[in-house]
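Visitor: Questions regarding the structure given below will be posed in turn.
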Amino acid sequence: MTAALKAPPVQVAPPRHFLTLAELGPDGLHSLLDLTTRLKRDPEAFRNPLAGGRIGMIFDKPSTRTRVSFESAAWMLGMLPIVLRPDELQLGRGETIGDTARALSLYLDALTVRTFAQSTLDELAAAASIPIINALTDEHHPCQALADVMTLQEEFGSLANLTLAFVGDGDNVCHSLIQAAALAGFELRIATPPGYEPSETILADAQAQAVSTGATISLTHDPLEAVGGANAVYADVWTSMGKEAEGGARKAAFAGFRIDAQLMRKASKTAIFLHCLPAHRGEEVTDEVIDGPASRVWPQAANRLHTETALLYTVLTGDAGGELLT
Ligand code: CP
Ligand code: NVA
């Protein structure tokens, strides 16, 4: 693939993985958002710079947005996307994760993976000689957070001085938003029911990063406290993929955590509503809010394509500034 680039990659080895948002660092996040802005203004500049490249995509869980946006991003860049279902791979018949990574590295230039444990990604990344990109695990959803901060930046002009209220489960989407706040320096208030708080380790690492970026990240069990005066209110499903057996208990635990018009009125007058989607309408959000004037869920979903195109380009070329693009 290298030979097909318009100019040589800045750096190709060792592979630069994208397993969590934190590993971008503040400068990496800002560069990626700048590159995405450029891509949205001038999409033709991003057509086919990776012609001849191939990207594999393993999906151990369902996906609508991530799969189609990554396939479209790969096509835009000139790459062949190859979607791999778990029942099509020898992994399901006992081949190790390491051997799978070694084999796929022989044929592909990058691999995106949606799976359960973050440790599966870590094992793939340790054995692969190509970049591994996290397309959602139980712990992180960094590609979603990229689209989220892009949407916030477009809406408010800057990420500084923003307050985002996340109301819901402290799992993958929340964890990546914590890392986004820490990198970008905004205020994140998280409201979860007791027992559904985010990981203490992820939070502690983010708080350490926040010292240099000015971010503040706080936890509460009271949605009103989180939402009061916020610039944006964010919801995720109450029951993530793989946790369906807990669905009944979760409905009871999250009953007071629905985002409805009354709760949105407690946010800033100009507040927007965000959701990673898919939404379970009537559970975490009412139709009135998700279909209402404050909702930005469709521009947010559209940004998945743009941020992932910029991400793939950057990860595969090392050209974070887009200097090799013509
Ligand atoms: N938000 C998101 O990742 O959506 P999908 O599950 O449809 O990919
Ligand atoms: N927390 C949700 C996000 C879906 C994009 C889940 O893991 O199912």
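Identifiers in the structure tokens: chain A, B, ... in order shown; residue index from 1 per chain; ligand index from 1 in order shown.
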Using only C-alpha atoms and all ligand atoms, which residues of chain A come within 8 Å of ligand 2, and what is the closest atom pair for each, with the distance in Å to one decimal? Give it as a tab-separated table, sorted by chain and residue number.
Guide:
residue	atom	partner	partner_atom_place_in_ligand_line	distance
A:Ser63	CA	ligand 2	5 (C)	7.7
A:Leu136	CA	ligand 2	7 (O)	7.1
A:Thr137	CA	ligand 2	7 (O)	7.1
A:Asp138	CA	ligand 2	7 (O)	6.1
A:His141	CA	ligand 2	3 (C)	7.6
A:Gln144	CA	ligand 2	5 (C)	7.6
A:Asp169	CA	ligand 2	1 (N)	7.6
A:Asp171	CA	ligand 2	1 (N)	6.4
A:Asn172	CA	ligand 2	1 (N)	5.6
A:Val173	CA	ligand 2	1 (N)	5.6
A:Asp236	CA	ligand 2	1 (N)	5.9
A:Val237	CA	ligand 2	2 (C)	5.9
A:Trp238	CA	ligand 2	1 (N)	7.7
A:Thr239	CA	ligand 2	8 (O)	6.7
A:Ser240	CA	ligand 2	8 (O)	3.4
A:Met241	CA	ligand 2	8 (O)	3.9
A:Gly242	CA	ligand 2	8 (O)	7.4
A:Cys276	CA	ligand 2	5 (C)	5.8
A:Leu277	CA	ligand 2	5 (C)	5.8
A:Pro278	CA	ligand 2	5 (C)	6.4
Visitor: So that I have them on file, write out the residues from the current selection with all heavy atoms, as a compact mmCIF listing (two decimals), in the first residue's frame.
Guide:
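Saved file out36.txt follows:
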# COMPACT_ATOMS: atom_id res chain seq x y z
N SER A 63 -23.80 -3.88 14.61
CA SER A 63 -23.46 -2.47 14.38
C SER A 63 -24.18 -1.97 13.14
O SER A 63 -24.24 -2.67 12.13
CB SER A 63 -21.95 -2.32 14.17
OG SER A 63 -21.66 -1.00 13.71
N LEU A 136 -15.43 -0.43 19.32
CA LEU A 136 -16.25 -0.57 20.54
C LEU A 136 -15.88 -1.86 21.27
O LEU A 136 -15.77 -2.93 20.67
CB LEU A 136 -17.77 -0.59 20.26
CG LEU A 136 -18.70 -0.75 21.48
CD1 LEU A 136 -20.00 0.06 21.29
CD2 LEU A 136 -19.07 -2.21 21.73
N THR A 137 -15.63 -1.68 22.56
CA THR A 137 -15.51 -2.82 23.48
C THR A 137 -16.44 -2.53 24.65
O THR A 137 -17.06 -1.46 24.72
CB THR A 137 -14.07 -2.98 24.02
OG1 THR A 137 -13.74 -1.78 24.75
CG2 THR A 137 -13.07 -3.23 22.92
N ASP A 138 -16.50 -3.46 25.60
CA ASP A 138 -17.30 -3.21 26.80
C ASP A 138 -16.78 -1.98 27.55
O ASP A 138 -17.52 -1.32 28.26
CB ASP A 138 -17.23 -4.42 27.75
CG ASP A 138 -17.95 -5.63 27.20
OD1 ASP A 138 -18.71 -5.48 26.22
OD2 ASP A 138 -17.73 -6.74 27.73
N HIS A 141 -15.31 3.28 23.66
CA HIS A 141 -15.85 3.50 22.31
C HIS A 141 -15.21 4.78 21.77
O HIS A 141 -15.87 5.81 21.59
CB HIS A 141 -17.38 3.61 22.37
CG HIS A 141 -18.05 3.42 21.04
ND1 HIS A 141 -17.35 3.15 19.87
CD2 HIS A 141 -19.36 3.47 20.67
CE1 HIS A 141 -18.21 3.04 18.86
NE2 HIS A 141 -19.43 3.22 19.32
N GLN A 144 -16.61 6.73 18.70
CA GLN A 144 -17.82 7.49 19.00
C GLN A 144 -17.45 8.84 19.61
O GLN A 144 -17.98 9.89 19.24
CB GLN A 144 -18.71 6.69 19.97
CG GLN A 144 -19.98 7.42 20.34
CD GLN A 144 -20.90 7.63 19.15
OE1 GLN A 144 -21.18 6.70 18.42
NE2 GLN A 144 -21.36 8.85 18.93
N ASP A 169 -25.39 5.05 31.94
CA ASP A 169 -24.52 3.98 32.42
C ASP A 169 -23.06 4.39 32.27
O ASP A 169 -22.65 4.85 31.20
CB ASP A 169 -24.80 2.72 31.57
CG ASP A 169 -24.13 1.48 32.13
OD1 ASP A 169 -23.59 1.53 33.25
OD2 ASP A 169 -24.15 0.45 31.43
N ASP A 171 -20.40 3.08 31.35
CA ASP A 171 -19.57 2.06 30.67
C ASP A 171 -18.86 2.65 29.45
O ASP A 171 -18.36 3.78 29.51
CB ASP A 171 -20.33 0.75 30.43
CG ASP A 171 -21.40 0.83 29.37
OD1 ASP A 171 -21.75 1.93 28.92
OD2 ASP A 171 -21.91 -0.25 28.97
N ASN A 172 -18.82 1.92 28.35
CA ASN A 172 -17.92 2.26 27.24
C ASN A 172 -18.01 3.70 26.73
O ASN A 172 -17.00 4.41 26.65
CB ASN A 172 -18.09 1.26 26.08
CG ASN A 172 -19.54 0.96 25.74
OD1 ASN A 172 -20.45 1.70 26.11
ND2 ASN A 172 -19.76 -0.13 25.03
N VAL A 173 -19.22 4.14 26.40
CA VAL A 173 -19.38 5.49 25.83
C VAL A 173 -18.98 6.54 26.87
O VAL A 173 -18.26 7.50 26.56
CB VAL A 173 -20.84 5.68 25.33
CG1 VAL A 173 -21.12 7.14 25.02
CG2 VAL A 173 -21.07 4.81 24.09
N ASP A 236 -27.06 7.48 26.62
CA ASP A 236 -26.73 6.19 25.98
C ASP A 236 -27.78 5.20 26.47
O ASP A 236 -28.52 5.47 27.43
CB ASP A 236 -25.31 5.76 26.42
CG ASP A 236 -24.82 4.48 25.73
OD1 ASP A 236 -25.48 4.00 24.79
OD2 ASP A 236 -23.77 3.95 26.17
N VAL A 237 -27.84 4.04 25.84
CA VAL A 237 -28.83 3.03 26.26
C VAL A 237 -28.57 2.61 27.71
O VAL A 237 -27.45 2.69 28.20
CB VAL A 237 -28.76 1.77 25.35
CG1 VAL A 237 -29.27 2.09 23.96
CG2 VAL A 237 -27.36 1.18 25.31
N TRP A 238 -29.62 2.15 28.35
CA TRP A 238 -29.48 1.67 29.73
C TRP A 238 -28.85 0.27 29.77
O TRP A 238 -28.23 -0.11 30.77
CB TRP A 238 -30.86 1.62 30.41
CG TRP A 238 -31.45 2.98 30.67
CD1 TRP A 238 -30.79 4.18 30.64
CD2 TRP A 238 -32.80 3.27 31.00
NE1 TRP A 238 -31.66 5.20 30.94
CE2 TRP A 238 -32.91 4.67 31.16
CE3 TRP A 238 -33.95 2.49 31.17
CZ2 TRP A 238 -34.11 5.30 31.50
CZ3 TRP A 238 -35.14 3.11 31.51
CH2 TRP A 238 -35.21 4.50 31.67
N THR A 239 -29.05 -0.49 28.69
CA THR A 239 -28.53 -1.86 28.65
C THR A 239 -27.65 -2.02 27.42
O THR A 239 -28.15 -2.11 26.30
CB THR A 239 -29.68 -2.88 28.63
OG1 THR A 239 -30.52 -2.65 29.77
CG2 THR A 239 -29.17 -4.31 28.65
N SER A 240 -26.34 -2.03 27.64
CA SER A 240 -25.41 -2.16 26.52
C SER A 240 -25.43 -3.57 25.95
O SER A 240 -25.84 -4.53 26.63
CB SER A 240 -23.99 -1.84 26.99
OG SER A 240 -23.84 -0.45 27.17
N MET A 241 -24.90 -3.69 24.72
CA MET A 241 -24.80 -5.00 24.07
C MET A 241 -24.00 -5.96 24.94
O MET A 241 -22.93 -5.60 25.45
CB MET A 241 -24.12 -4.85 22.70
CG MET A 241 -24.95 -4.08 21.71
SD MET A 241 -24.09 -3.88 20.13
CE MET A 241 -23.07 -2.45 20.48
N GLY A 242 -24.53 -7.15 25.11
CA GLY A 242 -23.86 -8.16 25.94
C GLY A 242 -24.38 -8.18 27.37
O GLY A 242 -24.06 -9.09 28.13
N CYS A 276 -25.28 8.55 21.33
CA CYS A 276 -24.44 7.78 20.41
C CYS A 276 -25.27 6.99 19.42
O CYS A 276 -24.80 6.67 18.33
CB CYS A 276 -23.52 6.85 21.21
SG CYS A 276 -24.40 5.79 22.36
N LEU A 277 -26.50 6.64 19.81
CA LEU A 277 -27.40 5.79 19.03
C LEU A 277 -26.82 4.37 18.97
O LEU A 277 -25.61 4.23 18.99
CB LEU A 277 -27.66 6.34 17.63
CG LEU A 277 -28.22 7.78 17.57
CD1 LEU A 277 -28.34 8.23 16.11
CD2 LEU A 277 -29.58 7.88 18.27
N PRO A 278 -27.61 3.32 18.88
CA PRO A 278 -29.06 3.35 18.72
C PRO A 278 -29.75 3.81 20.00
O PRO A 278 -29.29 3.50 21.10
CB PRO A 278 -29.41 1.89 18.42
CG PRO A 278 -28.35 1.10 19.11
CD PRO A 278 -27.10 1.93 18.99
Visitor: Would you mind listing, for every residue of range 114-178 of chain A within 6 Å of range 211-232 of chain A, the two atoms forming the shortest contact and the distance between them in Å to one decimal, using only C-alpha atoms, sorted by chain and ascending residue number, as CSV?
Guide:
residue,atom,partner,partner_atom,distance
A:Thr163,CA,A:Ala230,CA,5.1
A:Leu164,CA,A:Ala232,CA,4.9
A:Ala165,CA,A:Val227,CA,5.4
Visitor: So that I can check the surroundings of Leu21 in chain A, please list as JSON, numbers by chain every protein, DNA and RNA residue that reaches within 9 Å of it, counting only C-alpha atoms and ignoring chain neighbours fewer than 5 positions away.
Guide: {"A": [29, 140, 141, 142, 143, 145, 146, 176, 177, 179, 180, 183]}
Visitor: The selected residues should be written to file as a JSON list (two decimals), in the first residue's frame (atoms: C-alpha atoms).
Guide:
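Contents of again-v5.json, freshly written:
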[["chain", "number", "residue", "atom", "x", "y", "z"],
["A", 29, "LEU", "CA", -7.08, 14.93, 19.29],
["A", 140, "HIS", "CA", -14.29, 1.98, 25.42],
["A", 141, "HIS", "CA", -15.85, 3.50, 22.31],
["A", 142, "PRO", "CA", -13.18, 5.96, 21.16],
["A", 143, "CYS", "CA", -14.49, 6.34, 17.59],
["A", 145, "ALA", "CA", -16.12, 10.06, 21.22],
["A", 146, "LEU", "CA", -14.29, 11.50, 18.21],
["A", 176, "SER", "CA", -14.47, 7.49, 26.16],
["A", 177, "LEU", "CA", -16.22, 10.78, 26.97],
["A", 179, "GLN", "CA", -11.04, 10.63, 28.16],
["A", 180, "ALA", "CA", -12.35, 13.20, 25.65],
["A", 183, "LEU", "CA", -7.84, 15.66, 26.52]]
Visitor: Could you pull out all residues of range 190-243 of chain A with a DSSP call of alpha helix (DSSP H) and give them as a list in words?
Guide: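 Matching residues, listed in order: Glu200, Thr201, Ile202, Leu203, Ala204, Asp205, Ala206, Gln207, Ala208, Gln209, Ala210, Val211, Ser212, Thr213, Pro223, Leu224, Glu225, Ala226 and Val227 of chain A.
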Visitor: Please report the interatomic distance between CA of Phe70 in chain A and CA of Asp34 in chain A in Å with one decimal.
Guide: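 Between these atoms lies a distance of 19.2 Å.
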Visitor: Residues at most 9 Å from range 153-157 of chain A, counting only C-alpha atoms, excluding those fewer than 2 positions away in the same chain, as a count of residues only?
Guide: 10
Visitor: Record the distance separating CA of Thr309 in chain A and CA of Ala45 in chain A, expressed in Å with one decimal.
Guide: 11.7 Å
Visitor: Looking at only C-alpha atoms and all ligand atoms, which of A:Gly25, A:Pro62, A:Pro131, A:Pro43 is the one that sits closest to ligand 1?
Guide: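 Under the stated criterion, the closest residue is A:Pro62.
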Visitor: Select, from A:Asp260, A:Glu323, A:Glu308, A:Asp27, the residue with the minimum atom-to-atom distance to ligand 1, counting only C-alpha atoms and all ligand atoms.
Guide: A:Glu308
Visitor: I'd like to know which of A:Gln300, A:Ser129, A:Thr100, A:Ser199 is closest to ligand 1, using only C-alpha atoms and all ligand atoms.
Guide: A:Gln300
Visitor: Please report, as a VMD selection string, each residue of range 74-136 of chain A to which DSSP assigns strand (DSSP E) when run on this structure's backbone.
Guide: chain A and resid 80 to 84 110 to 114 132 to 134
Visitor: Counting only C-alpha atoms, which of A:Asp87, A:His30, A:Asn48, A:Ala22 gets nearest to Thr326 in chain A?
Guide: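 Ranked by minimum distance to Thr326 in chain A, first place goes to A:Asn48.
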Visitor: If you measure from CA of Ala181 in chain A to CA of Glu139 in chain A, what distance in Å do you get, rounded to one decimal?
Guide: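 CA of Ala181 in chain A sits 16.4 Å away from CA of Glu139 in chain A.
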Visitor: Which residue, A:Thr36, A:Ser72, A:Thr66, A:Ser295, has the smallest gap to ligand 1 when you use only C-alpha atoms and all ligand atoms?
Guide: A:Thr66
Visitor: Considering only C-alpha atoms, state which residue in the set A:Asp42, A:Glu200, A:Glu244, A:Asp60 is at the smallest distance from Val113 in chain A.
Guide: A:Asp60
Visitor: Would you kindly return, as a ChimeraX atom specification, each protein, DNA or RNA residue with an atom no farther than 9 Å from any atom of Leu124 in chain A, considering only C-alpha atoms and excluding same-chain residues fewer than 6 positions away?
Guide: /A:97-102,132
